[in-house]
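Step one of this worksheet: look at the structure below.
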2 protein chains.
Amino acid sequence: MKTLTTGEAAALCGVNFRTVIRWVEKGLLKAHRLPGRGDHRILVEDFVEFLECSDIPIPMNLQPLNPALILVIDDQIEVARSYERVLRRTGYTVEVVTDGFHAGIKLLSLKPNLIILDLKMPGVDGFAVLKFVRQEKSLKSTKVLVASGADESSLKHAIELGANVVLPKPFANAELVQEVTRLSPIPNDTGVPRGLQSRV
Amino acid sequence: MKTLTTGEAAALCGVNFRTVIRWVEKGLLKAHRLPGRGDHRILVEDFVEFLECSDIPIPMNLQPLNPALILVIDDQIEVARSYERVLRRTGYTVEVVTDGFHAGIKLLSLKPNLIILDLKMPGVDGFAVLKFVRQEKSLKSTKVLVASGADESSLKHAIELGANVVLPKPFANAELVQEVTRLSPIPNDTGVPRGLQSRV
DNA sequence: GCTCAACCTGTCTAACCTGTCTAATATTTA
DNA sequence: TAAATATTAGACAGGTTAGACAGGTTGAGC
């Protein structure tokens with residue numbers, strides 16, 4: 001259950017936080033309060049509904065991003081394609097990049113829900129990618145699955161840096177699918193506005 | 001999400017705020033309203049589009065790109081630092097990246113006004129960067145200066161792909177500064193408060 | 001060049017919403 | 001746990017609104 005503080009909500013719609021508080025006080029915007037100082041917390045869905053009702057444009061990072069979008073970062077194109085095939089069959093939308101530049105571009109422009117990342121790639125430092133994802137606020141909820149043939153200490157390091165799951169190569173397709181669906185379940189299509197994932 | 005009030009928009013194009021409101025009411029200028037008193041808020045991008053369509057000059061501080069920001073993409077850190085030093089002295093803000101991943105990240109997050117790009121880098125395809133910049137809408141007016149020791153046909157190819165200037169290595173610092181200032185003149189910071197410059 | 005109508009823009013008003021500032025303190029981060 | 005950051009309420013200053021009216025600009029017709 002994702003919530004916003006008054007400051008965050010204010011920034012998202014370009015007003016002062018004081019104004020957001022007044023909207024809450026007037027009952028225009030639904031919010032609950034924390035026991036301590038009485039901080040307001042606004043459910044994202046309530047905020048979005050408020051924006052919609054008020055005809056205020058909804059910022060990008062609140063748009064319901066494709067919950068089934070996976071970015072595969074692996075310089076070995078055949079390996080990447082293999083992941084792509086398996087995951088597409090499972091119902092995910094998959095995007096593949098094989099170099100660092102496009103990894104950076106797609107990461108920021110797609111805001112994928114999950115990343116499958118190799119560590120040892122010529123030209124891309126998997127650890128650097130991991131570090132970036134973990135420090136970038138707009139990717140806060142992005143999951144990272146490291147799929148690598150690197151040695152154990154590297155894999156351990158990846159975990160320390162914030163990888164959600166590490167799969168040592170080689171692994172079976174079934175393992176990949178299992179971990180991916182655990183990390184990023186495909187939402188069942190009740191009430192999901194987008195059309196594609198409901199076709200599955 | 002950056003927005004303008006009617007007063008701010010009015011100051012930016014040198015009219016009375018009442019006039020801005022009338023433009024909005026007539027549908028000439030897109031805006032949304034706050035729930036409280038019905039204050040208008042105008043998205044900067046909508047305002048810029050309106051100015052463009054109306055042939056009204058667009059004030060510096062609304063330009064989408066950071067006016068004096070240069071992104072140096074070169075895997076040789078000493079070379080990149082050397083550019084950085086020279087250009088900083090000239091008055092630019094300079095950001096350096098030495099790998100493709102961060103090139104992608106910084107390109108999208110900083111929207112630099114000018115890129116200094118090497119072509120032959122292990123791990124980064126300079127041509128791919130160039131192609132991307134030229135097809136990405138939000139980087140429409142980004143200038144690209146290719147600084148490379150690549151052979152002549154590569155440099156020619158870079159021009160075909162949309163590079164604004166090609167500097168074959170080696171070149172003198174003075175040459176670099178000259179080309180950069182030509183492509184991306186530093187806006188004179190006369191401390192003019194925002195909006196007033198259009199009133200003369 | 002002149003007149004006139006049509007229309008756009010600036011000015012003024014009162015009401016009231018929004019932004020700014022403060023000190024205190026809760027929440028988050030290291 | 002300590003330090004850094006964020007949030008709160010209240011008071012005040014400043015900005016924004018709609019409507020009405022006046023002044024200015026534009027273009028057509030003579």
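Quick note on naming: the chains in the structure tokens go A, B, ... in the order shown, residues restart at 1 in each chain, and ligands are numbered from 1 in order of appearance.
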After a least-squares superposition of chain B on chain A over all Cα atoms matched in order, what is the RMSD to one decimal?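 Root-mean-square deviation of the C-alpha atoms: 10.3 Å.
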Using only C-alpha atoms (C1' of nucleotides), find each residue of chain C with at least one atom at most 10 Å away from an atom of chain B; report its shortest atom-to-atom pair and that distance in Å (one decimal), sort the rows by chain and rising residue number, and return the result as CSV.
```
residue,atom,partner,partner_atom,distance
C:DC8,C1',B:Thr19,CA,8.8
C:DT9,C1',B:Thr19,CA,6.6
C:DG10,C1',B:Asn16,CA,6.8
C:DT11,C1',B:Arg18,CA,9.9
C:DC16,C1',B:Arg37,CA,7.8
C:DC17,C1',B:Arg37,CA,5.8
C:DT18,C1',B:Gly36,CA,9.1
```
Do me a favour and pick out the residues of chain B within 7 Å of chain A, using only C-alpha atoms, as an mmCIF file with N, CA and C atoms, in the first residue's frame.
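Contents of part-v2.cif, as written:
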```
data_model
loop_
_atom_site.group_PDB
_atom_site.id
_atom_site.type_symbol
_atom_site.label_atom_id
_atom_site.label_comp_id
_atom_site.auth_asym_id
_atom_site.auth_seq_id
_atom_site.Cartn_x
_atom_site.Cartn_y
_atom_site.Cartn_z
ATOM 1 N N MET B 1 6.715 18.048 -11.766
ATOM 2 C CA MET B 1 5.825 18.688 -12.746
ATOM 3 C C MET B 1 5.842 20.193 -12.538
ATOM 4 N N LYS B 2 6.478 20.906 -13.435
ATOM 5 C CA LYS B 2 6.633 22.338 -13.274
ATOM 6 C C LYS B 2 5.446 23.072 -13.906
ATOM 7 N N THR B 3 4.871 23.947 -13.122
ATOM 8 C CA THR B 3 3.722 24.685 -13.636
ATOM 9 C C THR B 3 3.910 26.175 -13.431
ATOM 10 N N HIS B 32 -4.918 23.715 -16.379
ATOM 11 C CA HIS B 32 -5.860 23.049 -15.484
ATOM 12 C C HIS B 32 -6.096 23.966 -14.295
ATOM 13 N N ARG B 33 -7.012 23.568 -13.431
ATOM 14 C CA ARG B 33 -7.362 24.467 -12.333
ATOM 15 C C ARG B 33 -7.259 23.756 -11.002
ATOM 16 N N PRO B 35 -8.529 23.017 -7.160
ATOM 17 C CA PRO B 35 -9.889 22.885 -6.635
ATOM 18 C C PRO B 35 -10.322 24.079 -5.777
ATOM 19 N N GLY B 100 29.083 3.804 -21.215
ATOM 20 C CA GLY B 100 27.816 3.928 -21.924
ATOM 21 C C GLY B 100 26.625 4.048 -21.002
ATOM 22 N N PHE B 101 26.637 3.285 -19.943
ATOM 23 C CA PHE B 101 25.485 3.301 -19.036
ATOM 24 C C PHE B 101 25.242 4.700 -18.501
ATOM 25 N N HIS B 102 26.292 5.302 -17.972
ATOM 26 C CA HIS B 102 26.103 6.637 -17.409
ATOM 27 C C HIS B 102 25.869 7.685 -18.493
ATOM 28 N N ALA B 103 26.367 7.407 -19.678
ATOM 29 C CA ALA B 103 26.064 8.306 -20.797
ATOM 30 C C ALA B 103 24.551 8.350 -21.012
ATOM 31 N N GLY B 104 23.940 7.178 -21.038
ATOM 32 C CA GLY B 104 22.488 7.110 -21.220
ATOM 33 C C GLY B 104 21.740 7.792 -20.094
ATOM 34 N N ILE B 105 22.157 7.480 -18.877
ATOM 35 C CA ILE B 105 21.498 8.045 -17.696
ATOM 36 C C ILE B 105 21.579 9.571 -17.706
ATOM 37 N N LEU B 108 19.559 11.543 -20.428
ATOM 38 C CA LEU B 108 18.128 11.702 -20.190
ATOM 39 C C LEU B 108 17.829 12.541 -18.953
ATOM 40 N N PRO B 122 35.634 1.583 -26.415
ATOM 41 C CA PRO B 122 35.253 0.204 -26.091
ATOM 42 C C PRO B 122 34.046 0.251 -25.160
ATOM 43 N N GLY B 123 32.995 -0.413 -25.544
ATOM 44 C CA GLY B 123 31.842 -0.464 -24.643
ATOM 45 C C GLY B 123 30.796 0.581 -24.917
ATOM 46 N N VAL B 124 31.127 1.618 -25.667
ATOM 47 C CA VAL B 124 30.111 2.590 -26.053
ATOM 48 C C VAL B 124 30.220 2.829 -27.543
#
```
Which polymer residues have any atom within 12 Å of an atom of DA3 of chain D, counting only C-alpha atoms (C1' of nucleotides), with same-chain residues fewer than 4 positions away left out, as a PDB file with N, CA and C atoms (P, O5', C5', C4', C3', O3' and C1' of nucleotides), in the first residue's frame?
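Writing the result to part.pdb gives the following:
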```pdb
ATOM      1  P    DT C  28       8.861   7.485   8.446  1.00  0.00           P
ATOM      2  O5'  DT C  28      10.333   7.793   7.952  1.00  0.00           O
ATOM      3  C5'  DT C  28      10.557   8.923   7.108  1.00  0.00           C
ATOM      4  C4'  DT C  28      12.041   9.126   6.881  1.00  0.00           C
ATOM      5  C3'  DT C  28      12.803   7.866   6.455  1.00  0.00           C
ATOM      6  O3'  DT C  28      13.520   8.179   5.267  1.00  0.00           O
ATOM      7  C1'  DT C  28      13.922   8.972   8.234  1.00  0.00           C
ATOM      8  P    DT C  29      14.369   7.026   4.513  1.00  0.00           P
ATOM      9  O5'  DT C  29      15.882   7.362   4.915  1.00  0.00           O
ATOM     10  C5'  DT C  29      16.322   8.712   4.824  1.00  0.00           C
ATOM     11  C4'  DT C  29      17.733   8.829   5.355  1.00  0.00           C
ATOM     12  C3'  DT C  29      18.680   7.675   4.986  1.00  0.00           C
ATOM     13  O3'  DT C  29      19.904   8.222   4.553  1.00  0.00           O
ATOM     14  C1'  DT C  29      18.686   8.013   7.316  1.00  0.00           C
ATOM     15  P    DA C  30      21.022   7.282   3.932  1.00  0.00           P
ATOM     16  O5'  DA C  30      22.264   7.464   4.911  1.00  0.00           O
ATOM     17  C5'  DA C  30      22.371   8.663   5.684  1.00  0.00           C
ATOM     18  C4'  DA C  30      23.485   8.523   6.701  1.00  0.00           C
ATOM     19  C3'  DA C  30      24.539   7.469   6.406  1.00  0.00           C
ATOM     20  O3'  DA C  30      25.819   7.949   6.793  1.00  0.00           O
ATOM     21  C1'  DA C  30      23.477   6.952   8.441  1.00  0.00           C
TER      22       DA C  30
END
```
Residues of chain D within 12 Å of chain A, counting only C-alpha atoms (C1' of nucleotides), as a list in words: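 Contact residues on the first chain: DA6, DT7, DT8, DA9 and DG10 of chain D.
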DSSP-assigned alpha helix (DSSP H) members of segment 40-192 of chain A, reported as a ChimeraX atom specification: /A:44-53,77-90,100-110,126-135,152-161,173-183
Taking only C-alpha atoms into account, which of B:Arg89, B:Ile186, B:Glu152, B:Gln135 comes nearest Ala174 of chain B?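 Smallest distance to Ala174 of chain B is found for B:Arg89.
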Could you find all residues in segment 24-159 of chain B that DSSP calls strand (DSSP E or B) from the backbone, and write them as a ChimeraX atom specification? /B:32-33,40-43,66-73,93-97,112-117,120-121,124-125,143-148
Quick one: residues within 9 Å of Ile77 of chain B, only C-alpha atoms (C1' of nucleotides), excluding same-chain residues fewer than 3 positions away - as a list in words?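 These residues fall inside the cut-off: Asp74, Ala80, Arg81, Ser82, Val96, Val97 and Thr98 of chain B.
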Who sits within 10 Å of Ser141 of chain A, only C-alpha atoms (C1' of nucleotides), same chain under 2 positions skipped, as a PyMOL selection string: chain A and resi 111-114+133-134+136-139+143-144
Would you mind exporting C-alpha atoms of the selected residues as a CSV table (one decimal), in the first residue's frame?
```
chain,number,residue,atom,x,y,z
A,111,LYS,CA,10.9,2.4,-15.6
A,112,PRO,CA,10.6,-1.4,-15.7
A,113,ASN,CA,9.1,-3.3,-12.9
A,114,LEU,CA,11.9,-5.8,-12.9
A,133,VAL,CA,18.9,1.5,-9.6
A,134,ARG,CA,19.1,1.4,-5.8
A,136,GLU,CA,17.5,6.4,-8.1
A,137,LYS,CA,14.3,7.4,-6.4
A,138,SER,CA,12.1,6.9,-9.5
A,139,LEU,CA,13.2,3.2,-9.6
A,143,LYS,CA,13.2,-5.4,-8.6
A,144,VAL,CA,16.6,-6.6,-9.7
```
